[in-house]
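Note: the block below is model22.txt and it holds compact mmCIF, C-alpha atoms.
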# COMPACT_ATOMS: atom_id res chain seq x y z
CA MET Z 334 84.72 31.42 158.13
CA SER Z 335 87.47 31.30 155.62
CA LYS Z 336 88.77 34.54 154.09
CA ILE Z 337 87.22 35.41 150.72
CA PHE Z 338 89.50 38.33 150.01
CA PRO Z 339 93.23 38.22 150.79
CA LYS Z 340 94.58 40.95 153.01
CA SER Z 341 96.14 42.79 150.04
CA ALA Z 342 92.65 43.53 148.78
CA ASN Z 343 92.43 46.27 151.40
CA LYS Z 344 94.79 48.37 149.27
CA LEU Z 345 92.92 47.67 146.04
CA PRO Z 346 90.57 50.71 145.99
CA LEU Z 347 93.55 53.00 146.45
CA GLN Z 348 95.46 51.22 143.70
CA ILE Z 349 92.51 51.46 141.33
CA ILE Z 350 92.17 55.17 141.97
CA LEU Z 351 95.89 55.59 141.35
CA PHE Z 352 95.63 53.61 138.14
CA VAL Z 353 92.69 55.66 136.93
CA PHE Z 354 94.69 58.85 137.50
CA ILE Z 355 97.68 57.45 135.64
CA LEU Z 356 95.43 56.27 132.82
CA ALA Z 357 93.83 59.70 132.59
CA GLY Z 358 97.29 61.28 132.47
CA VAL Z 359 98.45 58.97 129.71
CA VAL Z 360 95.28 59.53 127.66
CA THR Z 361 95.61 63.32 128.05
CA ALA Z 362 99.25 63.20 127.05
CA ALA Z 363 98.47 61.01 124.06
CA THR Z 364 95.66 63.32 122.93
CA THR Z 365 97.74 66.47 123.16
CA TYR Z 366 100.55 64.69 121.40
CA TYR Z 367 98.54 63.05 118.65
CA ALA Z 368 95.30 65.01 118.17
CA THR Z 369 96.81 68.49 117.67
CA PRO Z 370 98.07 70.06 114.43
CA LYS Z 371 101.66 69.59 115.59
CA TYR Z 372 101.11 65.92 114.85
CA THR Z 373 98.28 65.87 112.32
CA ARG Z 374 99.72 68.50 109.96
CA VAL Z 375 103.46 68.85 110.43
CA GLY Z 376 105.27 66.59 108.02
CA TYR Z 377 102.47 66.40 105.45
CA ALA Z 378 104.16 66.16 102.05
CA PRO Z 379 101.80 65.00 99.29
CA VAL Z 380 103.07 63.43 96.09
CA GLN Z 381 102.90 66.16 93.44
CA PRO Z 382 102.17 65.56 89.74
CA VAL Z 383 105.60 67.01 88.90
CA PRO Z 384 108.55 66.31 91.22
CA TYR Z 385 109.34 70.02 91.47
CA SER Z 386 112.16 70.73 93.89
CA HIS Z 387 112.50 74.01 95.80
CA ALA Z 388 115.94 72.85 96.93
CA LEU Z 389 117.11 72.87 93.32
CA HIS Z 390 115.35 75.97 92.04
CA VAL Z 391 115.63 78.18 95.11
CA GLY Z 392 118.57 76.74 97.01
CA GLN Z 393 120.81 75.94 94.06
CA LEU Z 394 119.70 78.33 91.31
CA GLY Z 395 119.07 81.14 93.80
CA MET Z 396 115.63 82.07 92.46
CA ASP Z 397 113.47 84.41 94.49
CA CYS Z 398 110.12 83.12 95.79
CA ARG Z 399 108.36 85.96 94.00
CA TYR Z 400 109.49 84.78 90.58
CA CYS Z 401 106.85 82.07 90.87
CA HIS Z 402 104.64 83.10 93.78
CA SER Z 403 104.39 86.49 92.16
CA ASN Z 404 101.34 87.80 94.00
CA VAL Z 405 102.52 87.01 97.49
CA GLU Z 406 103.27 90.64 98.37
CA LYS Z 407 100.33 92.08 96.45
CA SER Z 408 97.40 89.93 97.49
CA GLY Z 409 96.16 87.72 100.25
CA VAL Z 410 96.85 84.60 98.25
CA ALA Z 411 100.30 83.35 97.32
CA ASN Z 412 99.51 82.04 93.85
CA LEU Z 413 101.01 78.89 92.46
CA PRO Z 414 102.84 79.61 89.21
CA THR Z 415 101.32 79.10 85.77
CA ALA Z 416 102.82 76.51 83.48
CA GLN Z 417 104.21 79.34 81.41
CA THR Z 418 106.36 80.39 84.36
CA CYS Z 419 108.07 77.03 84.23
CA MET Z 420 108.32 77.10 80.44
CA ASN Z 421 110.27 80.39 80.61
CA CYS Z 422 113.25 78.20 81.37
CA HIS Z 423 112.13 74.72 80.48
CA LEU Z 424 111.61 75.70 76.87
CA HIS Z 425 115.42 75.59 76.79
CA VAL Z 426 116.48 73.66 79.90
CA ARG Z 427 115.59 69.95 79.76
CA PRO Z 428 112.89 70.56 77.15
CA ASP Z 429 112.23 66.84 76.72
CA SER Z 430 112.34 65.70 80.32
CA PRO Z 431 109.54 63.19 80.92
CA LEU Z 432 109.16 64.60 84.43
CA LEU Z 433 107.95 67.86 82.93
CA ALA Z 434 105.32 66.31 80.65
CA PRO Z 435 102.35 67.60 82.73
CA ILE Z 436 103.80 71.13 82.54
CA ARG Z 437 104.11 70.98 78.78
CA ALA Z 438 100.60 69.58 78.46
CA SER Z 439 99.25 72.40 80.62
CA TYR Z 440 101.21 75.01 78.68
CA GLU Z 441 99.70 73.81 75.43
CA SER Z 442 96.11 73.22 76.57
CA GLY Z 443 95.77 76.01 79.14
CA ASP Z 444 94.38 73.63 81.74
CA PRO Z 445 95.96 74.05 85.18
CA VAL Z 446 98.54 71.65 86.56
CA PRO Z 447 96.78 69.62 89.28
CA TRP Z 448 99.12 70.52 92.16
CA LYS Z 449 98.08 69.14 95.54
CA ARG Z 450 97.56 71.66 98.31
CA VAL Z 451 99.91 71.39 101.25
CA HIS Z 452 98.94 74.26 103.57
CA GLN Z 453 95.27 74.86 104.08
CA LEU Z 454 93.60 76.73 106.90
CA PRO Z 455 89.99 76.01 107.78
CA ASP Z 456 87.62 78.22 105.79
CA TYR Z 457 86.48 80.10 108.90
CA VAL Z 458 89.92 81.65 109.29
CA TYR Z 459 90.90 84.74 107.34
CA PHE Z 460 94.52 84.85 106.30
CA ASN Z 461 96.40 87.34 104.19
CA HIS Z 462 99.92 86.90 102.82
CA SER Z 463 100.63 90.48 101.80
CA ALA Z 464 99.74 91.79 105.26
CA HIS Z 465 102.53 89.64 106.66
CA VAL Z 466 105.14 89.69 103.93
CA ASP Z 467 105.01 93.50 103.58
CA ARG Z 468 105.50 93.87 107.33
CA GLY Z 469 108.72 91.93 107.56
CA VAL Z 470 107.33 88.47 108.40
CA SER Z 471 109.32 85.98 106.38
CA CYS Z 472 108.01 82.88 104.63
CA PHE Z 473 110.36 81.02 106.93
CA GLU Z 474 108.23 81.73 110.03
CA CYS Z 475 105.25 79.80 108.67
CA HIS Z 476 106.70 77.50 106.00
CA GLY Z 477 110.16 76.60 107.33
CA ARG Z 478 113.25 76.13 105.18
CA ILE Z 479 111.43 75.71 101.86
CA ASP Z 480 114.70 76.40 100.08
CA GLN Z 481 116.08 73.13 101.41
CA MET Z 482 113.04 70.97 100.68
CA GLU Z 483 113.04 68.53 97.79
CA VAL Z 484 109.30 68.12 98.36
CA VAL Z 485 107.27 70.82 100.11
CA GLN Z 486 106.39 69.66 103.57
CA HIS Z 487 104.15 71.21 106.21
CA ALA Z 488 106.71 72.59 108.65
CA GLN Z 489 104.65 74.52 111.21
CA PRO Z 490 101.37 73.56 112.90
CA LEU Z 491 99.52 76.72 111.69
CA SER Z 492 97.22 76.30 114.65
CA MET Z 493 95.51 79.19 116.40
CA SER Z 494 98.08 79.19 119.20
CA PHE Z 495 100.87 79.28 116.63
CA CYS Z 496 99.39 82.41 115.04
CA LEU Z 497 98.70 84.05 118.38
CA ASN Z 498 102.17 83.37 119.75
CA CYS Z 499 103.54 85.70 117.16
CA HIS Z 500 100.67 88.17 117.14
CA ARG Z 501 101.12 88.82 120.85
CA ASN Z 502 104.78 89.74 120.38
CA PRO Z 503 105.83 89.98 116.73
CA ALA Z 504 109.04 92.01 117.17
CA PRO Z 505 111.57 89.17 117.63
CA GLN Z 506 110.40 87.52 114.39
CA LEU Z 507 110.41 90.57 112.14
CA ARG Z 508 113.15 91.28 109.63
CA PRO Z 509 114.05 93.98 107.07
CA LEU Z 510 111.75 93.88 104.05
CA ASP Z 511 114.53 93.00 101.62
CA GLN Z 512 115.31 89.83 103.59
CA VAL Z 513 111.79 88.43 103.67
CA THR Z 514 112.40 85.91 100.90
CA ASN Z 515 115.92 85.09 102.11
CA LEU Z 516 115.12 82.09 104.28
CA ALA Z 517 118.70 81.68 105.48
CA TRP Z 518 118.58 85.05 107.27
CA THR Z 519 118.55 85.01 111.06
CA PRO Z 520 118.20 87.92 113.50
CA ALA Z 521 121.70 87.12 114.69
CA GLN Z 522 123.04 88.44 111.37
CA MET Z 523 121.84 91.90 112.25
CA PRO Z 524 123.64 93.81 114.94
CA ASP Z 525 121.12 95.20 117.38
CA HIS Z 526 118.11 93.42 115.94
CA ALA Z 527 116.04 94.06 119.07
CA LYS Z 528 116.39 97.81 118.74
CA TRP Z 529 115.74 97.76 114.99
CA ALA Z 530 112.61 95.64 115.51
CA ALA Z 531 111.29 97.91 118.25
CA ASP Z 532 111.71 100.93 115.96
CA PHE Z 533 110.17 99.08 113.02
CA VAL Z 534 107.11 98.15 115.07
CA LYS Z 535 106.74 101.71 116.29
CA ASN Z 536 107.30 103.49 112.97
CA ASN Z 537 105.06 101.19 110.95
CA LYS Z 538 102.42 100.72 113.63
CA VAL Z 539 102.67 96.95 113.41
CA ILE Z 540 99.73 95.81 115.53
CA PRO Z 541 98.69 92.29 114.58
CA PRO Z 542 95.11 91.46 115.60
CA THR Z 543 94.66 89.39 118.73
CA SER Z 544 90.90 89.79 118.98
CA CYS Z 545 88.71 87.05 117.54
CA THR Z 546 87.32 89.25 114.76
CA GLY Z 547 90.81 89.82 113.38
CA CYS Z 548 91.03 86.29 112.07
CA HIS Z 549 87.45 85.01 112.24
CA ARG Z 550 85.66 87.61 110.16
CA MET D 1449 96.95 45.16 139.39
CA ARG D 1450 100.34 44.60 137.88
CA TYR D 1451 98.65 43.26 134.77
CA ALA D 1452 96.70 46.47 134.27
CA TYR D 1453 100.01 48.37 134.11
CA TYR D 1454 101.44 45.81 131.71
CA VAL D 1455 98.42 46.26 129.45
CA LEU D 1456 98.74 50.06 129.64
CA LEU D 1457 102.43 49.88 128.79
CA PHE D 1458 101.63 47.57 125.90
CA VAL D 1459 98.96 49.93 124.59
CA CYS D 1460 101.40 52.84 124.82
CA VAL D 1461 104.11 51.00 122.91
CA LEU D 1462 101.54 49.90 120.34
CA THR D 1463 100.24 53.46 119.88
CA VAL D 1464 103.69 54.93 119.45
CA SER D 1465 104.72 52.25 117.00
CA VAL D 1466 101.57 52.69 114.92
CA MET D 1467 101.27 56.49 115.11
CA GLY D 1468 104.95 57.38 115.11
CA PHE D 1469 106.33 60.69 116.30
CA ARG D 1470 105.43 64.30 115.62
CA GLY D 1471 106.74 65.76 112.42
CA SER D 1472 107.30 62.48 110.65
CA ARG D 1473 106.68 62.64 106.93
CA SER D 1474 103.37 61.51 105.54
CA VAL D 1475 101.71 61.61 102.15
CA LYS D 1476 98.22 61.26 103.61
CA PRO D 1477 96.22 64.49 104.01
CA PRO D 1478 95.91 65.71 107.59
CA LEU D 1479 92.98 64.30 109.50
CA GLU D 1480 90.37 66.91 110.35
CA VAL D 1481 89.01 65.72 113.65
CA PHE D 1482 85.85 67.85 113.88
CA PRO D 1483 85.47 69.21 110.34
CA ASP D 1484 82.48 71.35 111.29
CA MET D 1485 82.91 74.38 109.05
CA ASP D 1486 86.43 73.71 107.89
CA ARG D 1487 85.48 73.33 104.25
CA GLN D 1488 82.65 75.61 103.26
CA ALA D 1489 80.82 75.72 99.95
CA LYS D 1490 82.69 78.70 98.58
CA TYR D 1491 85.28 79.27 95.90
CA LYS D 1492 88.76 80.33 96.83
CA PRO D 1493 91.42 81.58 94.42
CA GLN D 1494 92.96 78.87 92.24
CA SER D 1495 90.56 76.27 93.57
CA ALA D 1496 88.68 73.62 91.66
CA SER D 1497 85.04 73.80 90.59
CA VAL D 1498 82.68 71.03 89.58
CA PHE D 1499 80.31 73.53 87.99
CA PHE D 1500 82.39 74.90 85.13
CA ALA D 1501 83.37 72.61 82.29
CA ASP D 1502 87.07 73.36 82.56
CA GLY D 1503 87.05 72.67 86.31
CA ARG D 1504 88.43 76.06 87.32
CA ALA D 1505 86.92 78.42 89.88
CA ASP D 1506 88.97 81.35 88.52
CA ARG D 1507 87.06 82.52 85.47
CA PRO D 1508 88.79 84.05 82.46
CA LEU D 1509 87.24 87.32 81.24
CA PRO D 1510 84.82 86.87 78.34
CA PRO D 1511 86.13 88.51 75.16
CA GLY D 1512 85.65 92.25 75.07
CA VAL D 1513 85.07 92.66 78.79
CA VAL D 1514 87.13 95.28 80.60
CA ALA D 1515 87.48 94.93 84.35
CA ARG D 1516 86.98 97.99 86.53
CA GLY D 1517 90.07 100.19 86.60
CA GLU D 1518 91.62 98.18 83.76
CA LEU D 1519 90.65 100.34 80.81
CA ARG D 1520 94.31 101.00 79.93
CA ASP D 1521 93.65 103.98 77.71
CA ASP D 1522 97.11 105.51 78.21
CA SER D 1523 98.80 103.96 75.21
CA GLU D 1524 102.31 105.10 76.15
CA LEU D 1525 102.05 103.69 79.66
CA PHE D 1526 100.41 100.37 78.80
CA ARG D 1527 101.77 99.60 75.34
CA GLY D 1528 104.91 101.70 74.95
CA LYS D 1529 103.50 103.23 71.76
CA ASN D 1530 102.47 106.78 71.05
CA ALA D 1531 99.14 107.79 69.56
CA ALA D 1532 100.51 107.29 66.05
CA GLY D 1533 101.43 103.70 66.89
CA GLN D 1534 105.19 104.18 67.00
CA TRP D 1535 107.49 102.92 69.76
CA ILE D 1536 108.28 105.72 72.14
CA ASN D 1537 111.88 106.38 73.10
CA HIS D 1538 111.21 108.18 76.35
CA PHE D 1539 109.31 107.35 79.52
CA PRO D 1540 105.54 107.91 79.67
CA ALA D 1541 104.39 111.00 81.49
CA ALA D 1542 102.74 108.89 84.18
CA VAL D 1543 106.11 107.43 85.23
CA LYS D 1544 108.27 109.68 87.37
CA ILE D 1545 111.95 108.79 87.26
CA ASP D 1546 113.54 109.09 90.66
CA ALA D 1547 115.65 107.08 93.07
CA ARG D 1548 112.58 105.19 94.27
CA LEU D 1549 111.77 104.00 90.76
CA MET D 1550 115.37 102.90 90.15
CA GLU D 1551 115.43 101.00 93.44
CA ARG D 1552 112.15 99.31 92.51
CA GLY D 1553 113.58 98.49 89.10
CA ARG D 1554 116.69 96.97 90.62
CA GLU D 1555 114.63 94.81 92.95
CA ARG D 1556 112.24 93.60 90.23
CA PHE D 1557 115.12 92.98 87.84
CA THR D 1558 116.86 90.85 90.44
CA ILE D 1559 113.74 88.74 90.93
CA TYR D 1560 112.52 88.30 87.37
CA CYS D 1561 115.39 88.90 84.96
CA GLN D 1562 118.61 88.05 86.76
CA PRO D 1563 118.25 84.23 86.50
CA CYS D 1564 118.77 84.54 82.74
CA HIS D 1565 120.23 87.95 81.99
CA GLY D 1566 122.67 88.02 84.91
CA ALA D 1567 123.23 90.69 87.55
CA VAL D 1568 124.95 93.09 85.14
CA GLY D 1569 122.80 92.25 82.13
CA ASP D 1570 125.53 90.46 80.21
CA GLY D 1571 123.38 87.39 79.57
CA ASN D 1572 125.41 85.18 81.91
CA GLY D 1573 122.72 84.33 84.44
CA ILE D 1574 122.75 81.12 86.43
CA THR D 1575 120.68 79.34 83.77
CA LYS D 1576 123.44 79.71 81.16
CA GLN D 1577 125.34 76.75 82.62
CA TYR D 1578 122.19 74.63 82.39
CA GLY D 1579 121.53 75.10 78.71
CA MET D 1580 120.07 78.60 78.16
CA GLY D 1581 122.67 79.61 75.62
CA VAL D 1582 120.52 82.10 73.74
CA THR D 1583 120.17 84.89 76.31
CA PRO D 1584 121.68 88.00 74.71
CA SER D 1585 123.76 90.62 76.48
CA TYR D 1586 122.11 94.01 76.91
CA HIS D 1587 125.34 95.65 75.86
CA ILE D 1588 125.36 94.67 72.20
CA ASP D 1589 124.62 97.51 69.80
CA ARG D 1590 121.28 96.19 68.61
CA ILE D 1591 119.78 96.12 72.09
CA VAL D 1592 121.37 99.40 73.15
CA ASN D 1593 119.68 100.98 70.15
CA LEU D 1594 116.23 99.54 70.94
CA THR D 1595 113.68 102.15 71.92
CA ASP D 1596 112.32 102.20 75.45
CA GLY D 1597 108.96 101.19 74.07
CA GLU D 1598 110.41 98.08 72.46
CA ILE D 1599 112.08 96.92 75.67
CA PHE D 1600 108.79 97.54 77.47
CA ASN D 1601 107.06 95.46 74.83
CA THR D 1602 109.59 92.63 75.20
CA ILE D 1603 108.80 92.46 78.91
CA THR D 1604 105.04 92.69 78.34
CA ASN D 1605 104.66 90.26 75.46
CA GLY D 1606 107.97 88.43 75.25
CA ARG D 1607 110.03 88.04 72.10
CA ASN D 1608 110.91 84.87 70.19
CA THR D 1609 112.14 82.47 72.87
CA MET D 1610 111.70 84.82 75.80
CA LEU D 1611 108.18 84.40 77.15
CA PRO D 1612 106.14 87.35 78.46
CA TYR D 1613 106.46 88.77 81.96
CA GLY D 1614 103.37 90.96 81.73
CA ASP D 1615 101.47 88.73 84.15
CA LYS D 1616 104.10 89.19 86.85
CA LEU D 1617 104.96 92.87 86.54
CA VAL D 1618 102.40 95.68 86.54
CA PRO D 1619 103.07 98.36 83.88
CA GLU D 1620 104.68 100.76 86.37
CA ASP D 1621 107.08 98.03 87.46
CA ARG D 1622 107.89 97.21 83.85
CA TRP D 1623 108.91 100.83 83.26
CA ALA D 1624 110.99 100.67 86.43
CA VAL D 1625 112.76 97.62 85.00
CA VAL D 1626 113.29 99.42 81.67
CA ALA D 1627 114.91 102.28 83.59
CA TYR D 1628 117.16 99.80 85.37
CA VAL D 1629 118.11 98.07 82.12
CA ARG D 1630 119.09 101.49 80.73
CA ALA D 1631 121.15 102.11 83.86
CA LEU D 1632 122.94 98.79 83.40
CA GLN D 1633 123.75 99.75 79.83
CA ARG D 1634 125.06 103.14 80.94
CA ALA D 1635 127.18 101.42 83.59
CA GLN D 1636 128.75 99.04 81.08
CA LEU D 1637 129.15 101.38 78.15
CA GLY D 1638 130.10 104.54 80.02
CA THR D 1639 133.10 106.49 78.77
CA VAL D 1640 135.38 109.14 80.23
CA LYS D 1641 132.99 111.72 78.80
CA ASP D 1642 130.31 110.60 81.26
CA VAL D 1643 132.42 111.51 84.31
CA PRO D 1644 131.41 114.94 85.62
CA PRO D 1645 134.35 117.39 85.58
CA SER D 1646 134.20 117.79 89.34
CA HIS D 1647 135.00 114.09 89.87
CA LYS D 1648 137.67 113.71 87.21
CA SER D 1649 140.56 114.42 89.58
CA GLU D 1650 139.45 111.66 92.00
CA LEU D 1651 139.83 109.14 89.19
CA GLY D 1652 143.18 110.52 88.10
CA LEU D 1653 141.85 111.83 84.79
CA GLN D 1654 143.75 115.09 84.40

Just give me the structure of the file as structure tokens.
Amino acid sequence: MSKIFPKSANKLPLQIILFVFILAGVVTAATTYYATPKYTRVGYAPVQPVPYSHALHVGQLGMDCRYCHSNVEKSGVANLPTAQTCMNCHLHVRPDSPLLAPIRASYESGDPVPWKRVHQLPDYVYFNHSAHVDRGVSCFECHGRIDQMEVVQHAQPLSMSFCLNCHRNPAPQLRPLDQVTNLAWTPAQMPDHAKWAADFVKNNKVIPPTSCTGCHR
Amino acid sequence: MRYAYYVLLFVCVLTVSVMGFRGSRSVKPPLEVFPDMDRQAKYKPQSASVFFADGRADRPLPPGVVARGELRDDSELFRGKNAAGQWINHFPAAVKIDARLMERGRERFTIYCQPCHGAVGDGNGITKQYGMGVTPSYHIDRIVNLTDGEIFNTITNGRNTMLPYGDKLVPEDRWAVVAYVRALQRAQLGTVKDVPPSHKSELGLQ
């Protein structure tokens, strides 16, 4: 009888099993790489109706975040500014710029400017800006170097593990309250940051929630 | 078997070239893989509404409605006018002037006023070089002689080409800013008479 299978076929089952393992590894790696917020969200930068630049207004003009996002330390929501906020200056500065036409239209009619949302948590998550900003958590931790962005871009994954990483040990990422909107600040600029942070956590009883009900309420 | 690996390699290269790397810029909204309860039928602040004609979920108050805790019956505190309707030239009784208030005033001034009026209130803020030529200095006689109530009113309702800041600063903060503006004026227009006798020798004044 002639041979139907060559001798190398003896190794085939082993090779198939090996291949299946490798395939499973590659698929897992691809899913963690591509199907998590680190890929799906980070880098999202929608085209806005007005090409407003934080790099110009914050980085170059030195404006404070709270000039426009004026409720960020008072309420859970960091409001987007009204058209009047822009007109404070743009009544005088570049009053005829075609780029600002939607702002002028909104200022006259009272209808909001249709900004596109960049950061958006799922509705089953409770988030509060003032709770963070008033406890020395800077905008930088969650939004990145906004002051260098021409167009706002999603800088952090804002996934549950991202939130929990900090909630389990907030101290290294805290800063003095007057530096919260200064995105260029780093802990290295403060001598003895570790000690300051430990005291700050103790004196202010900074205990971020790590139980499910803290964020899913 | 070799071909299976070639195909796998090909698929990997294809995936990476189509999907790109993490953090690359995109104008497309993030994909929500299992959008179970991600977007619920509820209104959030500053969101859109298909129900109201103007498309806004945030509703303006109907005329004549006063929200809870917003009665604002203390005329001096909320309008800077006394009962007779005249500008007051002192601080309302509800505002206590202390170091905390001044510190608050300095902070708020730096956020909301400094871009135009400058750090010392001389009208040379950063916007001057970009075309805001009309910002006055606080140290000219006319503004020094304004009453506290008038400055409060300028912040609340704006004046001529300065638009209101009443939406950004609560009344207490506005009074804190008024106090700081007064302090800036004192700092600029101070004279030898303002130096307490006990400190005169340090400054070499007899």

Just want the 9 Å neighbourhood of region 1618-1620 of chain D, counted on all atoms listed in the file, with same-chain residues fewer than 6 positions away dropped. Output as an MDAnalysis selection string. chainID D and resid 1525:1527 1542:1543 1549 1600 1604

Please save C-alpha atoms of the selected residues as a PDB file, in the frame of the given file.
ATOM      1  CA  LEU D1525     102.050 103.690  79.660  1.00  0.00           C
ATOM      2  CA  PHE D1526     100.410 100.370  78.800  1.00  0.00           C
ATOM      3  CA  ARG D1527     101.770  99.600  75.340  1.00  0.00           C
ATOM      4  CA  ALA D1542     102.740 108.890  84.180  1.00  0.00           C
ATOM      5  CA  VAL D1543     106.110 107.430  85.230  1.00  0.00           C
ATOM      6  CA  LEU D1549     111.770 104.000  90.760  1.00  0.00           C
ATOM      7  CA  PHE D1600     108.790  97.540  77.470  1.00  0.00           C
ATOM      8  CA  THR D1604     105.040  92.690  78.340  1.00  0.00           C
TER       9      THR D1604
END

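In this structure, CA of Asn515 (chain Z) sits 23.1 Å away from CA of Arg450 (chain Z).
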
Can you pull out every residue within 10 Å of Thr418 (chain Z), counting all atoms listed in the file, but drop anything in the same chain fewer than 2 positions away, and send it as a PyMOL selection string? (chain Z and resi 400-402+413-416+420-423+436+440) or (chain D and resi 1611-1613+1615-1616)

Could you dump the residues just selected with C-alpha atoms as an mmCIF file, in the coordinates of the input?
data_model
loop_
_atom_site.group_PDB
_atom_site.id
_atom_site.type_symbol
_atom_site.label_atom_id
_atom_site.label_comp_id
_atom_site.auth_asym_id
_atom_site.auth_seq_id
_atom_site.Cartn_x
_atom_site.Cartn_y
_atom_site.Cartn_z
ATOM 1 C CA TYR Z 400 109.490 84.780 90.580
ATOM 2 C CA CYS Z 401 106.850 82.070 90.870
ATOM 3 C CA HIS Z 402 104.640 83.100 93.780
ATOM 4 C CA LEU Z 413 101.010 78.890 92.460
ATOM 5 C CA PRO Z 414 102.840 79.610 89.210
ATOM 6 C CA THR Z 415 101.320 79.100 85.770
ATOM 7 C CA ALA Z 416 102.820 76.510 83.480
ATOM 8 C CA MET Z 420 108.320 77.100 80.440
ATOM 9 C CA ASN Z 421 110.270 80.390 80.610
ATOM 10 C CA CYS Z 422 113.250 78.200 81.370
ATOM 11 C CA HIS Z 423 112.130 74.720 80.480
ATOM 12 C CA ILE Z 436 103.800 71.130 82.540
ATOM 13 C CA TYR Z 440 101.210 75.010 78.680
ATOM 14 C CA LEU D 1611 108.180 84.400 77.150
ATOM 15 C CA PRO D 1612 106.140 87.350 78.460
ATOM 16 C CA TYR D 1613 106.460 88.770 81.960
ATOM 17 C CA ASP D 1615 101.470 88.730 84.150
ATOM 18 C CA LYS D 1616 104.100 89.190 86.850
#

When you get a sec, could you note down which chain D residues fall within 9 Å of chain Z, using only C-alpha atoms, as a PyMOL selection string? chain D and resi 1449+1452-1453+1456+1460+1463+1467+1469-1481+1483+1485-1488+1490+1493-1494+1502-1504+1555+1558-1560+1562-1564+1574-1575+1578-1582+1609-1613+1615-1617

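A straight line drawn from CA of Gln1633 (chain D) to CA of Gly1569 (chain D) is 7.9 Å long.
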
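Note that CA of Val1625 (chain D) and CA of Leu510 (chain Z) are 19.4 Å apart.
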
Counting only C-alpha atoms, the residue among Z:Ala531, Z:Cys548, Z:Thr519, Z:Met482 that lies closest to Cys496 (chain Z) is Z:Cys548

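Of the residues listed (D:Tyr1491, D:Phe1539, D:Phe1458, D:Tyr1586), D:Phe1539 shows the shortest atom-to-atom separation from Trp1623 (chain D); distances use only C-alpha atoms.
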
Check the smallest atom-to-atom distance from each of Z:Glu406, Z:Ala504, Z:Val484, Z:Cys419 to Asn461 (chain Z) using only C-alpha atoms, then report the winner. Z:Glu406

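Among the candidate residues Z:Leu433, Z:Val485, Z:Leu497, Z:Leu507, the one lying nearest to Lys528 (chain Z) is Z:Leu507, with distances computed using only C-alpha atoms.
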
Nearest candidate to Met1550 (chain D) (options D:Leu1637, D:Asp1621, D:Val1568, D:Ser1465; using only C-alpha atoms): D:Asp1621

Give me the residues near Ala1624 (chain D) as number ranges by chain, where near means some atom within 9 Å (using only C-alpha atoms) and where sequence neighbours in that chain fewer than 6 positions away do not count. D: 1543, 1545, 1549-1554, 1556-1557

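Compared by their closest atoms to Ile479 (chain Z), and using only C-alpha atoms, the residues Z:Pro503, Z:Pro346, Z:Gly392, Z:Pro431 rank with Z:Gly392 nearest.
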